[in-house]
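Enquirer: I have a structure I would like to understand better, so I am pasting it below and will then ask my questions one at a time.
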Amino acid sequence: MKRQFISYGGFGILNVSLFYINYIFLIPELIKKRKKYWLYVFAFFLLIVASALVKTTIAVLNPSDMMSFQVEGKKAEYTVNEYVIAKLLVAGFFLVSSSIISFIIDWFSSQRVQRNLESERREMELQFLKSQLNPHFLFNSLNNIYSLAYQKSDKTADAIMKLSEIMRYMIYESNTPTVSLSKEVDYLKNYIELQKIRFKDGAFVEMTLNGEIDDQKIVPLMLISFVENAFKHGVVTDPQEPVKIDIIANQKILHFSVINKKNNQNKDAQGGVGLTNVERRLQLIYPDRYKLNVVNSATHYTCELMIDI
């Protein structure tokens with residue numbers, strides 16, 4: 001009985017050894033590192049056969065190790081063939097178990113790495129889009145101020161002050177993932193005032209605010225491109241056709257729309273870098289949580305945005 005117990009313990013060590021040989025050596029070396037799939041299959045079955053032969057040899061040399069089982073209520077011993085098959089199945093079980101565990105662990109690890117890479121990619125792309133947006137806006141604003149200075153306009157100082165307020169927001173406030181919707185609205189107002197200074201004959205803009213904007217959050221610099229687009233490509237000097245900006249917000253939904261009369265003398269494509277970037281940012285930050293509708297008619301250009309905030 002003592003010898004039988006020792007042999008069972010030895011078989012247990014052999015089974016555990018099969019598990020770790022496959023887990024630590026065969027899978028990492030033959031599959032992950034060298035991509036030797038056929039060699040791995042050969043080594044896999046070789047271990048199964050070798051383990052079964054070793055156990056069977058020990059059992060044949062020590063007949064008391066031949067495990068008994070019940071046949072029609074009577075105790076009987078394994079035949080050699082039955083014993084070999086049983087040990088083949090046991091060895092296969094340990095090897096298959098180690099393979100499954102290894103692949104499950106690798107799958108979860110791969111998913112984690114993939115999520116981290118995707119998160120880093122999204123963050124890098126967002127930073128790139130944002131870096132494009134800021135210089136684009138700054139370039140246009142500086143051109144406007146240069147025009148005022150060239151004309152020796154008295155509004156130059158006010159324009160510089162408005163630009164400084166805008167840049168303060170862009171540099172300090174917009175570095176956070178989200179900002180208060182009220183701050184984003186103030187930013188739009190400053191931009192509009194800056195543009196009004198640019199147009200000596202006046203620019204006509206109607207901004208309507210409805211709902212709750214004080215406690216709502218939004219990604220910074222998300223709305224400016226739509227307003228900038230209206231000034232760049234639309235008619236803003238017609239008091240009968242002012243640029244109309246509507247903002248409606250509640251606890252769940254932000255509805256933002258800009259309607260402007262088209263400038264038929266402007267041959268540039270409606271939209272440009274700003275709207276392309278903002279739509280890409282929407283896809284990255286608010287996937288399946290936004291709806292952007294753009295209508296480019298013969299006389300008017302309408303942008304309507306709804307975001308689940």
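Every chain in the structure tokens has a letter given in the order shown (A, B, ...), and although residue numbers restart at 1 in each chain, ligands are simply numbered from 1 in the order shown.
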Find the spatial neighbours of Ala298 of chain A, counting only C-alpha atoms, within a cut-off of 10 Å - ignore same-chain residues fewer than 5 positions away - and output them as a list in words.
Expert: Lys261, Lys262 and Asn264 of chain A
Enquirer: Write out the residues from the selection above, keeping C-alpha atoms, as a short mmCIF file (atom, residue, chain, number, x, y, z; two decimals), in the first residue's frame.
Expert:
data_model
loop_
_atom_site.label_atom_id
_atom_site.label_comp_id
_atom_site.auth_asym_id
_atom_site.auth_seq_id
_atom_site.Cartn_x
_atom_site.Cartn_y
_atom_site.Cartn_z
CA LYS A 261 -26.92 82.85 -45.62
CA LYS A 262 -24.39 81.65 -48.15
CA ASN A 264 -22.16 83.16 -53.46
#
Enquirer: Kindly assemble as a tab-separated table a list of the segment 202-295 of chain A residues that lie within 12 Å of segment 156-173 of chain A, each paired with its nearest atom pair and their distance in Å to one decimal, using only C-alpha atoms, sorted first by chain and then by ascending residue number.
Expert:
residue	atom	partner	partner_atom	distance
A:Ile218	CA	A:Glu173	CA	11.9
A:Val219	CA	A:Glu173	CA	10.7
A:Pro220	CA	A:Glu173	CA	7.9
A:Leu221	CA	A:Met170	CA	7.8
A:Met222	CA	A:Met170	CA	11.6
A:Ile224	CA	A:Ile166	CA	11.1
Enquirer: Would you output that residue set with all heavy atoms, as a PDB file, in the first residue's frame?
Expert:
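The resulting file, selection33.pdb, is shown below:
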ATOM      1  N   ILE A 218     -19.283  69.908 -21.424  1.00  0.00           N
ATOM      2  CA  ILE A 218     -19.049  69.589 -22.834  1.00  0.00           C
ATOM      3  C   ILE A 218     -17.550  69.590 -23.090  1.00  0.00           C
ATOM      4  O   ILE A 218     -16.775  70.233 -22.357  1.00  0.00           O
ATOM      5  CB  ILE A 218     -19.756  70.617 -23.756  1.00  0.00           C
ATOM      6  CG1 ILE A 218     -19.693  70.167 -25.214  1.00  0.00           C
ATOM      7  CG2 ILE A 218     -19.149  72.002 -23.585  1.00  0.00           C
ATOM      8  CD1 ILE A 218     -20.478  71.041 -26.158  1.00  0.00           C
ATOM      9  N   VAL A 219     -17.139  68.860 -24.103  1.00  0.00           N
ATOM     10  CA  VAL A 219     -15.734  68.879 -24.515  1.00  0.00           C
ATOM     11  C   VAL A 219     -15.408  70.278 -25.041  1.00  0.00           C
ATOM     12  O   VAL A 219     -16.159  70.826 -25.845  1.00  0.00           O
ATOM     13  CB  VAL A 219     -15.473  67.820 -25.593  1.00  0.00           C
ATOM     14  CG1 VAL A 219     -14.060  67.936 -26.149  1.00  0.00           C
ATOM     15  CG2 VAL A 219     -15.718  66.428 -25.037  1.00  0.00           C
ATOM     16  N   PRO A 220     -14.315  70.893 -24.582  1.00  0.00           N
ATOM     17  CA  PRO A 220     -14.011  72.268 -25.006  1.00  0.00           C
ATOM     18  C   PRO A 220     -13.713  72.376 -26.495  1.00  0.00           C
ATOM     19  O   PRO A 220     -13.258  71.426 -27.136  1.00  0.00           O
ATOM     20  CB  PRO A 220     -12.772  72.630 -24.171  1.00  0.00           C
ATOM     21  CG  PRO A 220     -12.163  71.328 -23.788  1.00  0.00           C
ATOM     22  CD  PRO A 220     -13.311  70.373 -23.635  1.00  0.00           C
ATOM     23  N   LEU A 221     -14.006  73.560 -27.043  1.00  0.00           N
ATOM     24  CA  LEU A 221     -13.724  73.904 -28.432  1.00  0.00           C
ATOM     25  C   LEU A 221     -14.488  73.026 -29.423  1.00  0.00           C
ATOM     26  O   LEU A 221     -14.045  72.824 -30.550  1.00  0.00           O
ATOM     27  CB  LEU A 221     -12.219  73.819 -28.723  1.00  0.00           C
ATOM     28  CG  LEU A 221     -11.301  74.624 -27.798  1.00  0.00           C
ATOM     29  CD1 LEU A 221      -9.841  74.382 -28.148  1.00  0.00           C
ATOM     30  CD2 LEU A 221     -11.629  76.094 -27.851  1.00  0.00           C
ATOM     31  N   MET A 222     -15.633  72.509 -28.990  1.00  0.00           N
ATOM     32  CA  MET A 222     -16.414  71.649 -29.857  1.00  0.00           C
ATOM     33  C   MET A 222     -17.351  72.441 -30.773  1.00  0.00           C
ATOM     34  O   MET A 222     -17.664  72.013 -31.884  1.00  0.00           O
ATOM     35  CB  MET A 222     -17.234  70.658 -29.021  1.00  0.00           C
ATOM     36  CG  MET A 222     -17.992  69.627 -29.835  1.00  0.00           C
ATOM     37  SD  MET A 222     -16.899  68.572 -30.818  1.00  0.00           S
ATOM     38  CE  MET A 222     -16.203  67.535 -29.530  1.00  0.00           C
ATOM     39  N   ILE A 224     -17.045  75.910 -31.649  1.00  0.00           N
ATOM     40  CA  ILE A 224     -16.508  77.108 -32.284  1.00  0.00           C
ATOM     41  C   ILE A 224     -16.410  76.965 -33.795  1.00  0.00           C
ATOM     42  O   ILE A 224     -16.625  77.926 -34.546  1.00  0.00           O
ATOM     43  CB  ILE A 224     -15.130  77.481 -31.682  1.00  0.00           C
ATOM     44  CG1 ILE A 224     -14.594  78.754 -32.306  1.00  0.00           C
ATOM     45  CG2 ILE A 224     -14.142  76.341 -31.837  1.00  0.00           C
ATOM     46  CD1 ILE A 224     -15.466  79.965 -32.101  1.00  0.00           C
TER      47      ILE A 224
END
Enquirer: In Å, how far is it from atom CA of His233 of chain A to atom CA of Gly211 of chain A?
Expert: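 Those two atoms sit 29.3 Å apart.
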Enquirer: Any chance you could list, as JSON, numbers by chain, the residues in segment 10-255 of chain A that come up strand (DSSP E or B) when DSSP is run on the backbone?
Expert: {"A": [68, 69, 70, 71, 74, 75, 76, 77, 179, 180, 205, 206, 207, 208, 209, 210, 211, 217, 218, 234, 235, 243, 244, 245, 246, 247, 248, 249, 253, 254, 255]}
Enquirer: So that I can see what lies close to Tyr23 of chain A, please list as a list in words the residues with an atom at most 9 Å from it, counting only C-alpha atoms and leaving out residues fewer than 5 positions away in the same chain.
Expert: Leu18, Pro28, Leu95, Ser98, Ser99, Ile101 and Ser102 of chain A
Enquirer: Output C-alpha atoms for every residue in that selection, as a PDB file, in the first residue's frame.
Expert:
ATOM      1  CA  LEU A  18       3.183  17.848 -18.086  1.00  0.00           C
ATOM      2  CA  PRO A  28       5.935  30.135 -25.382  1.00  0.00           C
ATOM      3  CA  LEU A  95      -1.918  19.208 -21.424  1.00  0.00           C
ATOM      4  CA  SER A  98      -2.640  24.059 -19.589  1.00  0.00           C
ATOM      5  CA  SER A  99      -3.184  25.088 -23.235  1.00  0.00           C
ATOM      6  CA  ILE A 101      -5.482  28.383 -19.473  1.00  0.00           C
ATOM      7  CA  SER A 102      -2.527  29.782 -21.413  1.00  0.00           C
TER       8      SER A 102
END
Enquirer: From the list A:Leu188, A:Ile197, A:Ile307, A:Leu88, which residue is nearest Ile253 of chain A when using only C-alpha atoms?
Expert: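 Under the stated criterion, the closest residue is A:Ile307.
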Enquirer: Please provide as a PyMOL selection string all residues within 12 Å of Val16 of chain A, with the sequence filter that same-chain residues fewer than 6 positions apart are discarded (counting only C-alpha atoms).
Expert: chain A and resi 9-10+22-24+51+90-95+97-98
Enquirer: Report as a PyMOL selection string all protein, DNA and RNA residues lying within 12 Å of Ile31 of chain A, evaluated on only C-alpha atoms, omitting residues in the same chain fewer than 3 positions from it.
Expert: chain A and resi 22-28+34-41+43-44+99+102-103
Enquirer: Please measure the separation of atom CA of Leu46 of chain A and atom CA of Phe108 of chain A, giving the value in Å to one decimal.
Expert: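 Computing the Euclidean distance for atom CA of Leu46 of chain A and atom CA of Phe108 of chain A yields 29.2 Å.
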Enquirer: Just how far from atom CA of Leu181 of chain A is atom CA of Lys217 of chain A, in Å to one decimal?
Expert: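 Calculated distance between atom CA of Lys217 of chain A and atom CA of Leu181 of chain A is 5.3 Å.
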Enquirer: Could you name the residues that touch Asn263 of chain A at 10 Å or less, counting only C-alpha atoms, but leaving out those on the same chain fewer than 5 positions away, as an mmCIF file with C-alpha atoms, in the first residue's frame?
Expert:
data_model
loop_
_atom_site.group_PDB
_atom_site.id
_atom_site.type_symbol
_atom_site.label_atom_id
_atom_site.label_comp_id
_atom_site.auth_asym_id
_atom_site.auth_seq_id
_atom_site.Cartn_x
_atom_site.Cartn_y
_atom_site.Cartn_z
ATOM 1 C CA ALA A 230 -20.555 80.877 -40.720
ATOM 2 C CA PHE A 231 -18.313 83.945 -40.569
ATOM 3 C CA LYS A 232 -15.811 82.545 -43.027
ATOM 4 C CA HIS A 233 -18.192 81.342 -45.730
ATOM 5 C CA GLY A 234 -21.491 83.087 -45.017
ATOM 6 C CA VAL A 235 -23.060 86.518 -45.295
ATOM 7 C CA VAL A 236 -23.006 88.208 -41.881
ATOM 8 C CA ASP A 268 -13.995 78.199 -51.141
ATOM 9 C CA GLN A 270 -18.054 75.290 -47.450
ATOM 10 C CA THR A 299 -29.083 79.972 -50.379
ATOM 11 C CA HIS A 300 -28.371 78.832 -46.825
ATOM 12 C CA TYR A 301 -26.010 76.618 -44.884
#
